[in-house]
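Colleague: What follows is a single structure, and I will ask about it in a moment.
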Amino acid sequence: MEENSSVGAGIRDPERIERRTVLHISYRPLWHLLLDRDMNKQKLREVTGLSSSSMAKLGKGESITTEMLVRICSKLDCDLTDIMELVDDNGEPVRNRIKKAEAN
């Protein structure tokens with residue numbers, strides 16, 4: 001059997017592979033956290049020492065290094081799940097899909 005190359009690779013049940021969607025990282029939780037703490041992106045950049053290009057990547061939802069993510073968490077005293085989440089192509093957080101599946 002062929003393995004799926006997207007997230008969840010290694011699952012060998014063909015029916016599950018066909019239902020898989022491509023997942024993306026969203027930094028929406030980070031933006032909410034900044035709002036909750038009355039902090040803007042410029043202040044985040046100053047506190048964390050992130051470059052303007054890294055901040056631009058965050059703003060576009062692009063990948064940044066794990067080291068940078070850990071630096072953000074360290075400076076904001078939070079966990080990775082407080083600043084990022086996995087979402088599907090529709091922007092729905094994966095954890096919502098998991099909760100719905102568990103409820104059924």
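Within each chain, counting starts at residue 1; across the structure tokens, chains are named A, B, ... in the order shown, with ligands numbered 1 upward in that order.
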For the strand (DSSP E) assignment from backbone DSSP, which residues of chain A qualify? Please present them as a PDB file with N, CA and C atoms, in the first residue's frame.
Modeller:
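Listed below is the output, result.pdb:
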```
ATOM      1  N   HIS A  24      -2.176  23.095   7.891  1.00  0.00           N
ATOM      2  CA  HIS A  24      -1.312  24.266   7.894  1.00  0.00           C
ATOM      3  C   HIS A  24      -1.177  24.785   9.319  1.00  0.00           C
ATOM      4  N   ILE A  25      -0.129  25.554   9.554  1.00  0.00           N
ATOM      5  CA  ILE A  25       0.041  26.190  10.851  1.00  0.00           C
ATOM      6  C   ILE A  25      -0.616  27.559  10.798  1.00  0.00           C
ATOM      7  N   SER A  26      -1.338  27.893  11.836  1.00  0.00           N
ATOM      8  CA  SER A  26      -1.931  29.217  11.980  1.00  0.00           C
ATOM      9  C   SER A  26      -1.383  29.841  13.257  1.00  0.00           C
ATOM     10  N   GLU A  85      -1.562  26.861  16.037  1.00  0.00           N
ATOM     11  CA  GLU A  85      -2.463  25.721  15.973  1.00  0.00           C
ATOM     12  C   GLU A  85      -2.446  25.163  14.561  1.00  0.00           C
ATOM     13  N   LEU A  86      -2.833  23.910  14.429  1.00  0.00           N
ATOM     14  CA  LEU A  86      -2.983  23.290  13.114  1.00  0.00           C
ATOM     15  C   LEU A  86      -4.396  23.554  12.619  1.00  0.00           C
ATOM     16  N   VAL A  87      -4.495  23.964  11.362  1.00  0.00           N
ATOM     17  CA  VAL A  87      -5.802  24.214  10.755  1.00  0.00           C
ATOM     18  C   VAL A  87      -5.874  23.489   9.424  1.00  0.00           C
TER      19      VAL A  87
END
```
Colleague: Quick one: residues within 6 Å of stretch 27-33 of chain A, only C-alpha atoms counted, chain neighbours fewer than 6 positions away excluded, as a list in words?
Modeller: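 The residues that qualify are Asp82, Ile83 and Met84 of chain A.
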Colleague: Print the selection's residues with C-alpha atoms to a file, as a PDB file, in the first residue's frame.
Modeller:
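Okay, this is what ended up in selection28.pdb:
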```
ATOM      1  CA  ASP A  82      -0.779  29.238  23.061  1.00  0.00           C
ATOM      2  CA  ILE A  83       0.760  30.777  19.932  1.00  0.00           C
ATOM      3  CA  MET A  84       0.004  28.364  17.096  1.00  0.00           C
TER       4      MET A  84
END
```
Colleague: If you run DSSP on the backbone, which residues of chain A are alpha helix (DSSP H), as a VMD selection string?
Modeller: chain A and resid 14 to 19 28 to 36 41 to 48 52 to 60 66 to 76 94 to 103
Colleague: Could the residues in this selection be written to a file with C-alpha atoms, as a PDB file, in the first residue's frame?
Modeller:
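Just written: again_1.pdb:
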```pdb
ATOM      1  CA  PRO A  14      -6.646   3.645   2.332  1.00  0.00           C
ATOM      2  CA  GLU A  15     -10.045   4.994   3.366  1.00  0.00           C
ATOM      3  CA  ARG A  16      -8.442   7.209   6.010  1.00  0.00           C
ATOM      4  CA  ILE A  17      -5.772   8.397   3.582  1.00  0.00           C
ATOM      5  CA  GLU A  18      -8.392   9.588   1.090  1.00  0.00           C
ATOM      6  CA  ARG A  19     -10.163  11.601   3.801  1.00  0.00           C
ATOM      7  CA  ARG A  28      -4.066  33.099  15.136  1.00  0.00           C
ATOM      8  CA  PRO A  29      -3.621  32.131  18.823  1.00  0.00           C
ATOM      9  CA  LEU A  30      -0.518  34.363  18.969  1.00  0.00           C
ATOM     10  CA  TRP A  31      -2.451  37.376  17.675  1.00  0.00           C
ATOM     11  CA  HIS A  32      -5.208  36.737  20.232  1.00  0.00           C
ATOM     12  CA  LEU A  33      -2.612  36.414  22.993  1.00  0.00           C
ATOM     13  CA  LEU A  34      -1.059  39.729  21.987  1.00  0.00           C
ATOM     14  CA  LEU A  35      -4.486  41.393  22.079  1.00  0.00           C
ATOM     15  CA  ASP A  36      -5.190  39.907  25.504  1.00  0.00           C
ATOM     16  CA  LYS A  41       3.552  43.245  16.818  1.00  0.00           C
ATOM     17  CA  GLN A  42       6.279  45.870  17.187  1.00  0.00           C
ATOM     18  CA  LYS A  43       6.441  45.260  20.945  1.00  0.00           C
ATOM     19  CA  LEU A  44       6.593  41.499  20.324  1.00  0.00           C
ATOM     20  CA  ARG A  45       9.501  42.078  17.952  1.00  0.00           C
ATOM     21  CA  GLU A  46      11.322  44.200  20.528  1.00  0.00           C
ATOM     22  CA  VAL A  47      10.752  41.732  23.368  1.00  0.00           C
ATOM     23  CA  THR A  48      11.739  38.649  21.385  1.00  0.00           C
ATOM     24  CA  SER A  52      11.359  41.970  10.533  1.00  0.00           C
ATOM     25  CA  SER A  53      11.462  39.082   8.037  1.00  0.00           C
ATOM     26  CA  SER A  54      10.468  36.588  10.747  1.00  0.00           C
ATOM     27  CA  MET A  55       7.639  38.886  11.811  1.00  0.00           C
ATOM     28  CA  ALA A  56       6.517  39.106   8.166  1.00  0.00           C
ATOM     29  CA  LYS A  57       6.506  35.302   7.968  1.00  0.00           C
ATOM     30  CA  LEU A  58       4.364  35.121  11.097  1.00  0.00           C
ATOM     31  CA  GLY A  59       1.977  37.656   9.596  1.00  0.00           C
ATOM     32  CA  LYS A  60       1.668  35.584   6.412  1.00  0.00           C
ATOM     33  CA  THR A  66      11.417  26.134  16.187  1.00  0.00           C
ATOM     34  CA  GLU A  67      14.089  28.209  17.910  1.00  0.00           C
ATOM     35  CA  MET A  68      12.103  31.373  17.155  1.00  0.00           C
ATOM     36  CA  LEU A  69       8.862  29.798  18.349  1.00  0.00           C
ATOM     37  CA  VAL A  70      10.534  28.762  21.601  1.00  0.00           C
ATOM     38  CA  ARG A  71      11.949  32.283  21.991  1.00  0.00           C
ATOM     39  CA  ILE A  72       8.441  33.742  21.657  1.00  0.00           C
ATOM     40  CA  CYS A  73       7.081  31.284  24.217  1.00  0.00           C
ATOM     41  CA  SER A  74       9.940  32.000  26.595  1.00  0.00           C
ATOM     42  CA  LYS A  75       9.456  35.770  26.434  1.00  0.00           C
ATOM     43  CA  LEU A  76       5.665  35.558  26.666  1.00  0.00           C
ATOM     44  CA  VAL A  94      -7.813  20.447  13.839  1.00  0.00           C
ATOM     45  CA  ARG A  95      -8.699  20.208  17.531  1.00  0.00           C
ATOM     46  CA  ASN A  96     -12.294  21.195  16.629  1.00  0.00           C
ATOM     47  CA  ARG A  97     -12.459  18.399  14.065  1.00  0.00           C
ATOM     48  CA  ILE A  98     -11.100  15.927  16.612  1.00  0.00           C
ATOM     49  CA  LYS A  99     -13.684  16.999  19.202  1.00  0.00           C
ATOM     50  CA  LYS A 100     -16.489  16.619  16.645  1.00  0.00           C
ATOM     51  CA  ALA A 101     -15.249  13.145  15.677  1.00  0.00           C
ATOM     52  CA  GLU A 102     -15.005  12.075  19.325  1.00  0.00           C
ATOM     53  CA  ALA A 103     -18.553  13.301  19.964  1.00  0.00           C
TER      54      ALA A 103
END
```
Colleague: Work out how far atom CA of A:Gly49 is from atom CA of A:Leu23, in Å to one decimal.
Modeller: 28.4 Å
